[in-house]
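Structure file coords-v6.cif (mmCIF, C-alpha atoms) is printed below.
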```
data_data
loop_
_atom_site.label_atom_id
_atom_site.label_comp_id
_atom_site.auth_asym_id
_atom_site.auth_seq_id
_atom_site.Cartn_x
_atom_site.Cartn_y
_atom_site.Cartn_z
CA MET A 38 55.63 28.36 61.07
CA SER A 39 52.62 27.96 58.79
CA TYR A 40 50.82 24.89 57.56
CA ALA A 41 51.89 23.13 54.40
CA LEU A 42 49.21 22.93 51.71
CA HIS A 43 48.74 19.18 52.02
CA GLU A 44 48.20 19.53 55.76
CA THR A 45 45.48 22.10 55.18
CA LEU A 46 43.79 19.84 52.64
CA GLU A 47 44.00 16.87 55.01
CA VAL A 48 42.34 18.87 57.78
CA HIS A 49 39.71 20.09 55.36
CA GLU A 50 38.88 16.52 54.37
CA LEU A 51 38.67 15.51 58.01
CA ALA A 52 36.37 18.44 58.76
CA ALA A 53 34.04 17.45 55.91
CA PHE A 54 33.89 13.87 57.18
CA LYS A 55 33.26 15.03 60.75
CA THR A 56 30.43 17.29 59.61
CA VAL A 57 28.65 14.37 57.96
CA CYS A 58 29.18 12.20 61.05
CA MET A 59 27.86 14.81 63.41
CA THR A 60 24.76 15.51 61.33
CA LYS A 61 24.05 11.80 61.05
CA SER A 62 24.51 11.07 64.74
CA LYS A 63 22.30 13.96 65.67
CA THR A 64 19.55 12.86 63.27
CA MET A 65 19.75 9.17 64.13
CA ARG A 66 19.52 9.93 67.83
CA GLY A 67 15.87 10.80 67.35
CA LEU A 68 15.19 7.46 65.66
CA VAL A 69 16.68 4.94 68.07
CA SER A 70 14.81 3.49 71.01
CA ASP A 71 17.68 1.92 72.94
CA GLU A 72 18.76 4.24 75.75
CA GLU A 73 22.44 3.36 75.72
CA LEU A 74 22.72 3.71 71.94
CA LYS A 75 20.98 7.08 72.28
CA ARG A 76 23.56 8.14 74.86
CA ILE A 77 26.49 7.11 72.64
CA LEU A 78 25.00 8.92 69.63
CA GLN A 79 24.51 12.08 71.70
CA GLU A 80 28.06 11.79 73.01
CA ASP A 81 29.37 11.36 69.46
CA ALA A 82 27.48 14.45 68.34
CA ASP A 83 28.89 16.51 71.22
CA VAL A 84 32.47 15.28 70.78
CA SER A 85 32.27 15.81 66.99
CA ALA A 86 31.03 19.37 67.48
CA ARG A 87 33.99 20.12 69.74
CA GLN A 88 36.46 18.49 67.33
CA LEU A 89 34.98 20.51 64.47
CA GLU A 90 35.64 23.71 66.40
CA GLU A 91 39.27 22.62 66.86
CA LEU A 92 39.62 21.82 63.16
CA GLU A 93 38.01 25.13 62.27
CA ALA A 94 40.60 26.95 64.36
CA VAL A 95 43.36 25.13 62.48
CA LEU A 96 41.82 25.99 59.10
CA LYS A 97 41.44 29.65 60.11
CA ARG A 98 45.08 29.82 61.00
CA ALA A 99 46.05 28.00 57.79
CA VAL A 100 44.34 30.45 55.44
CA GLN A 101 45.86 33.51 57.11
CA MET B 32 12.42 -7.66 34.71
CA LYS B 33 12.80 -7.56 38.44
CA THR B 34 15.96 -9.03 39.83
CA ASN B 35 15.37 -11.47 42.62
CA PRO B 36 18.62 -13.24 43.46
CA MET B 37 17.32 -15.11 46.48
CA ASN B 38 13.83 -15.99 45.21
CA LEU B 39 12.11 -14.31 48.12
CA PRO B 40 8.41 -13.58 48.21
CA PRO B 41 7.67 -9.86 47.78
CA MET B 42 7.11 -8.03 51.06
CA ASP B 43 3.96 -6.00 51.68
CA GLN B 44 4.99 -2.80 53.45
CA LEU B 45 1.49 -2.33 54.89
CA ASP B 46 1.37 -5.78 56.51
CA PRO B 47 1.86 -5.26 60.29
CA VAL B 48 3.78 -8.55 60.52
CA ASN B 49 6.70 -6.76 58.86
CA ALA B 50 6.72 -4.16 61.62
CA LEU B 51 7.44 -6.86 64.21
CA ASN B 52 10.60 -6.12 66.24
CA MET B 53 11.07 -2.96 64.19
CA PRO B 54 12.56 -0.79 66.97
CA GLU B 55 15.14 -3.48 67.72
CA THR B 56 15.93 -4.00 64.02
CA SER B 57 16.36 -0.30 63.33
CA ASP B 58 18.52 0.14 66.47
CA MET B 59 20.72 -2.67 65.18
CA THR B 60 21.06 -1.05 61.76
CA LEU B 61 21.82 2.39 63.17
CA ALA B 62 24.33 0.91 65.62
CA MET B 63 26.07 -0.83 62.72
CA ASP B 64 26.14 2.48 60.86
CA LEU B 65 27.71 4.20 63.86
CA LEU B 66 30.27 1.40 64.20
CA MET B 67 31.31 1.82 60.56
CA ARG B 68 31.60 5.59 60.94
CA ALA B 69 33.63 5.15 64.12
CA LYS B 70 36.04 2.82 62.31
CA GLU B 71 36.31 5.18 59.37
CA GLY B 72 36.92 8.08 61.75
CA VAL B 73 39.84 6.27 63.39
CA ARG B 74 41.36 5.53 59.98
CA ASN B 75 40.85 9.06 58.63
CA THR B 76 42.33 10.72 61.72
CA ALA B 77 45.32 8.36 61.70
CA ASN B 78 45.88 9.11 58.00
CA ALA B 79 45.76 12.84 58.63
CA LEU B 80 48.14 12.45 61.58
CA THR B 81 50.75 10.63 59.50
CA GLU B 82 50.53 13.39 56.88
CA SER B 83 51.10 16.31 59.22
CA VAL B 84 54.37 17.77 60.41
CA LEU B 85 53.47 20.80 62.51
CA PRO B 86 53.60 19.94 66.23
CA GLN B 87 50.35 21.78 67.09
CA ALA B 88 48.48 19.90 64.38
CA ARG B 89 49.93 16.58 65.54
CA VAL B 90 48.91 17.19 69.15
CA LEU B 91 45.39 18.11 68.08
CA LEU B 92 45.02 15.10 65.80
CA ARG B 93 46.47 12.73 68.37
CA GLY B 94 43.84 13.89 70.86
CA GLN B 95 41.10 13.40 68.29
CA LEU B 96 42.48 9.96 67.39
CA HIS B 97 42.23 8.89 71.03
CA GLN B 98 38.64 10.15 71.18
CA ALA B 99 37.80 8.27 67.96
CA ILE B 100 39.26 5.04 69.37
CA GLN B 101 37.26 5.55 72.57
CA LEU B 102 34.04 5.96 70.57
CA HIS B 103 34.78 2.83 68.57
CA GLN B 104 35.38 0.81 71.73
CA GLU B 105 32.14 2.02 73.30
CA ILE B 106 29.92 1.21 70.34
CA ALA B 107 31.64 -2.14 69.68
CA GLU B 108 31.19 -3.21 73.32
CA LEU B 109 27.55 -2.14 73.27
CA MET B 110 26.88 -4.15 70.12
CA VAL B 111 28.56 -7.28 71.49
CA ARG B 112 26.65 -6.94 74.77
CA LYS B 113 23.33 -6.48 72.95
CA LYS B 114 24.16 -9.48 70.71
CA TRP B 115 23.92 -7.33 67.58
CA PHE B 116 27.46 -8.26 66.67
CA HIS B 117 29.20 -11.61 67.20
CA PRO B 118 32.93 -11.32 66.60
CA HIS B 119 33.64 -14.66 68.33
CA ASP B 120 30.79 -16.70 66.85
CA LEU B 121 31.05 -16.75 63.07
CA GLN B 122 28.08 -19.11 62.67
CA GLU B 123 25.84 -16.71 64.59
CA GLN B 124 27.19 -13.70 62.71
CA TYR B 125 26.58 -15.49 59.40
CA GLN B 126 22.94 -16.13 60.29
CA LEU B 127 22.48 -12.48 61.25
CA ASP B 128 24.10 -11.28 58.03
CA GLN B 129 21.90 -13.61 55.96
CA LEU B 130 18.81 -12.30 57.71
CA SER B 131 19.69 -8.67 57.13
CA ALA B 132 20.66 -9.38 53.50
CA HIS B 133 17.25 -11.00 52.91
CA LYS B 134 15.45 -8.08 54.54
CA THR B 135 17.42 -5.61 52.47
CA VAL B 136 16.58 -7.40 49.21
CA GLN B 137 12.91 -7.47 50.17
CA ILE B 138 12.91 -3.75 51.00
CA ALA B 139 14.65 -3.00 47.70
CA GLN B 140 11.84 -4.81 45.85
CA MET B 141 9.06 -2.85 47.52
CA LYS B 142 7.25 -0.38 45.34
CA LEU B 143 7.37 2.71 47.53
CA TYR B 144 6.95 5.46 44.94
CA PRO B 145 4.52 5.93 42.04
CA ASP B 146 5.81 5.50 38.50
CA ASP B 147 4.79 8.99 37.50
CA THR B 148 6.81 11.56 39.39
CA ARG B 149 6.30 14.43 36.94
CA ARG B 150 5.57 17.74 38.60
CA MET B 151 2.77 18.74 36.19
CA GLY B 152 4.21 22.07 35.22
CA MET B 153 5.17 23.12 38.75
CA PHE B 154 8.72 24.34 39.33
CA ASP B 155 9.22 24.88 35.61
CA ARG B 156 12.34 26.95 36.18
CA THR B 157 15.28 26.44 38.49
CA PRO B 158 15.75 28.91 41.36
CA ASP B 159 19.33 29.76 40.32
CA GLU B 160 18.52 30.27 36.65
CA HIS B 161 19.60 33.92 36.65
CA MET B 162 23.11 33.01 37.78
CA GLU B 163 26.06 32.02 35.67
CA GLY B 164 26.72 28.30 35.42
CA SER B 165 29.75 28.35 37.69
CA GLN B 166 27.92 30.25 40.46
CA ALA B 167 24.72 28.25 40.41
#
```
Translate the structure described by the file into structure tokens.
Amino acid sequence: MSYALHETLEVHELAAFKTVCMTKSKTMRGLVSDEELKRILQEDADVSARQLEELEAVLKRAVQ
Amino acid sequence: MKTNPMNLPPMDQLDPVNALNMPETSDMTLAMDLLMRAKEGVRNTANALTESVLPQARVLLRGQLHQAIQLHQEIAELMVRKKWFHPHDLQEQYQLDQLSAHKTVQIAQMKLYPDDTRRMGMFDRTPDEHMEGSQA
């Protein structure tokens, strides 16, 4: 079974949002001084990168 | 004419007194930014989940939704613990919001860039000039 068009678009939108979030977290990490906030930002960047890979896999399958 | 809704004195960006507590202030701002993105992430993932039918996609999105909620909880707890966010004390939260609103207005009034930003003949053509409009 393949993805419906609106599902693909929804995932695409999510991937765009996640990309912005990951870039921002990664950049901001260098600017904060609080250790715990730094840790959370790093964690967010890592988790977002993994989620982006998952979304990318979905999109790859959707365009096939 | 400059707009000055709160009648604040203009802030001098070179005055060291304005750099007081700057690391703490910027941490607070960036934490607030992360909190807003975390909230938006939860909403976006939930929206995508309710729009999808395929089981694989639903499993994937449900996992990501749980991760998004976890991130939101972490950053919200950190902000409450650091007293950057006061969900139970509206008076305190109001004071904090007023303070950051004042600071923001003052920063907006600072003259950070010169009036003349012409490039004096440099970069007189765009790098994608040779391309068609739709490809540029």
Checklist entry - What residues come out when you apply the PyMOL selection byres ((chain A) within 9 of (chain B)) to this file, written as a ChimeraX atom specification? => result /A:38-41,43-44,47-48,50-51,54-55,58,61-62,65,68-71,73-74,77-78,80-81,84,88,91-92,95
Could you give me the axis-aligned bounding box of region 76-93 of chain A, with 8 Å of padding per side, as centre plus edge lengths in Å to one decimal, as lines of an AutoDock Vina configuration file?
```
center_x = 31.6
center_y = 16.1
center_z = 68.6
size_x = 32.1
size_y = 34.0
size_z = 28.6
```
Do you know which residues are at most 12 Å from region 122-128 of chain B counting all atoms listed in the file, after dropping those on the same chain fewer than 5 positions away, and could you put them as a compact mmCIF listing (two decimals) with C-alpha atoms, in the frame of the given file?
```txt
# COMPACT_ATOMS: atom_id res chain seq x y z
CA THR B 56 15.93 -4.00 64.02
CA MET B 59 20.72 -2.67 65.18
CA THR B 60 21.06 -1.05 61.76
CA MET B 63 26.07 -0.83 62.72
CA VAL B 111 28.56 -7.28 71.49
CA LYS B 114 24.16 -9.48 70.71
CA TRP B 115 23.92 -7.33 67.58
CA PHE B 116 27.46 -8.26 66.67
CA HIS B 117 29.20 -11.61 67.20
CA HIS B 133 17.25 -11.00 52.91
CA LYS B 134 15.45 -8.08 54.54
CA THR B 135 17.42 -5.61 52.47
```
Item to check | Computed interatomic separation between CA of His97 (chain B) and CA of Ala77 (chain B) (Å) | outcome: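 A separation of 9.8 Å between them.
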Next on the checklist: Can you spell out as an NGL selection string the set of residues that the PyMOL selection byres ((chain B and resi 142) around 12) selects in the structure I just provided?
Outcome noted: :B and (33 or 41-45 or 137-141 or 143-146)
Just the selected residues (C-alpha atoms), exported as an mmCIF file, keeping the file's coordinate frame, please.
```
data_model
loop_
_atom_site.group_PDB
_atom_site.id
_atom_site.type_symbol
_atom_site.label_atom_id
_atom_site.label_comp_id
_atom_site.auth_asym_id
_atom_site.auth_seq_id
_atom_site.Cartn_x
_atom_site.Cartn_y
_atom_site.Cartn_z
ATOM 1 C CA LYS B 33 12.800 -7.560 38.440
ATOM 2 C CA PRO B 41 7.670 -9.860 47.780
ATOM 3 C CA MET B 42 7.110 -8.030 51.060
ATOM 4 C CA ASP B 43 3.960 -6.000 51.680
ATOM 5 C CA GLN B 44 4.990 -2.800 53.450
ATOM 6 C CA LEU B 45 1.490 -2.330 54.890
ATOM 7 C CA GLN B 137 12.910 -7.470 50.170
ATOM 8 C CA ILE B 138 12.910 -3.750 51.000
ATOM 9 C CA ALA B 139 14.650 -3.000 47.700
ATOM 10 C CA GLN B 140 11.840 -4.810 45.850
ATOM 11 C CA MET B 141 9.060 -2.850 47.520
ATOM 12 C CA LEU B 143 7.370 2.710 47.530
ATOM 13 C CA TYR B 144 6.950 5.460 44.940
ATOM 14 C CA PRO B 145 4.520 5.930 42.040
ATOM 15 C CA ASP B 146 5.810 5.500 38.500
#
```
Checklist entry - Using all atoms listed in the file, which residue out of B:Leu121, B:Met153, B:Ala132, B:Leu96 lies closest to Ser85 (chain A)? => result B:Leu96
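CA of Arg87 (chain A) lies 16.9 Å from CA of Arg89 (chain B).
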Item to check | Interatomic distance, CA of Leu130 (chain B) to CA of Ala50 (chain B) (Å, one decimal) | outcome: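 Computing the Euclidean distance for CA of Leu130 (chain B) and CA of Ala50 (chain B) yields 15.1 Å.
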Checklist entry - Using all atoms listed in the file, which of the listed residues (B:Asn49, B:Gln104, B:Pro86, B:Thr148) sits closest to Val73 (chain B)? => result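 Comparing B:Asn49, B:Gln104, B:Pro86, B:Thr148 against Val73 (chain B), the winner is B:Gln104.
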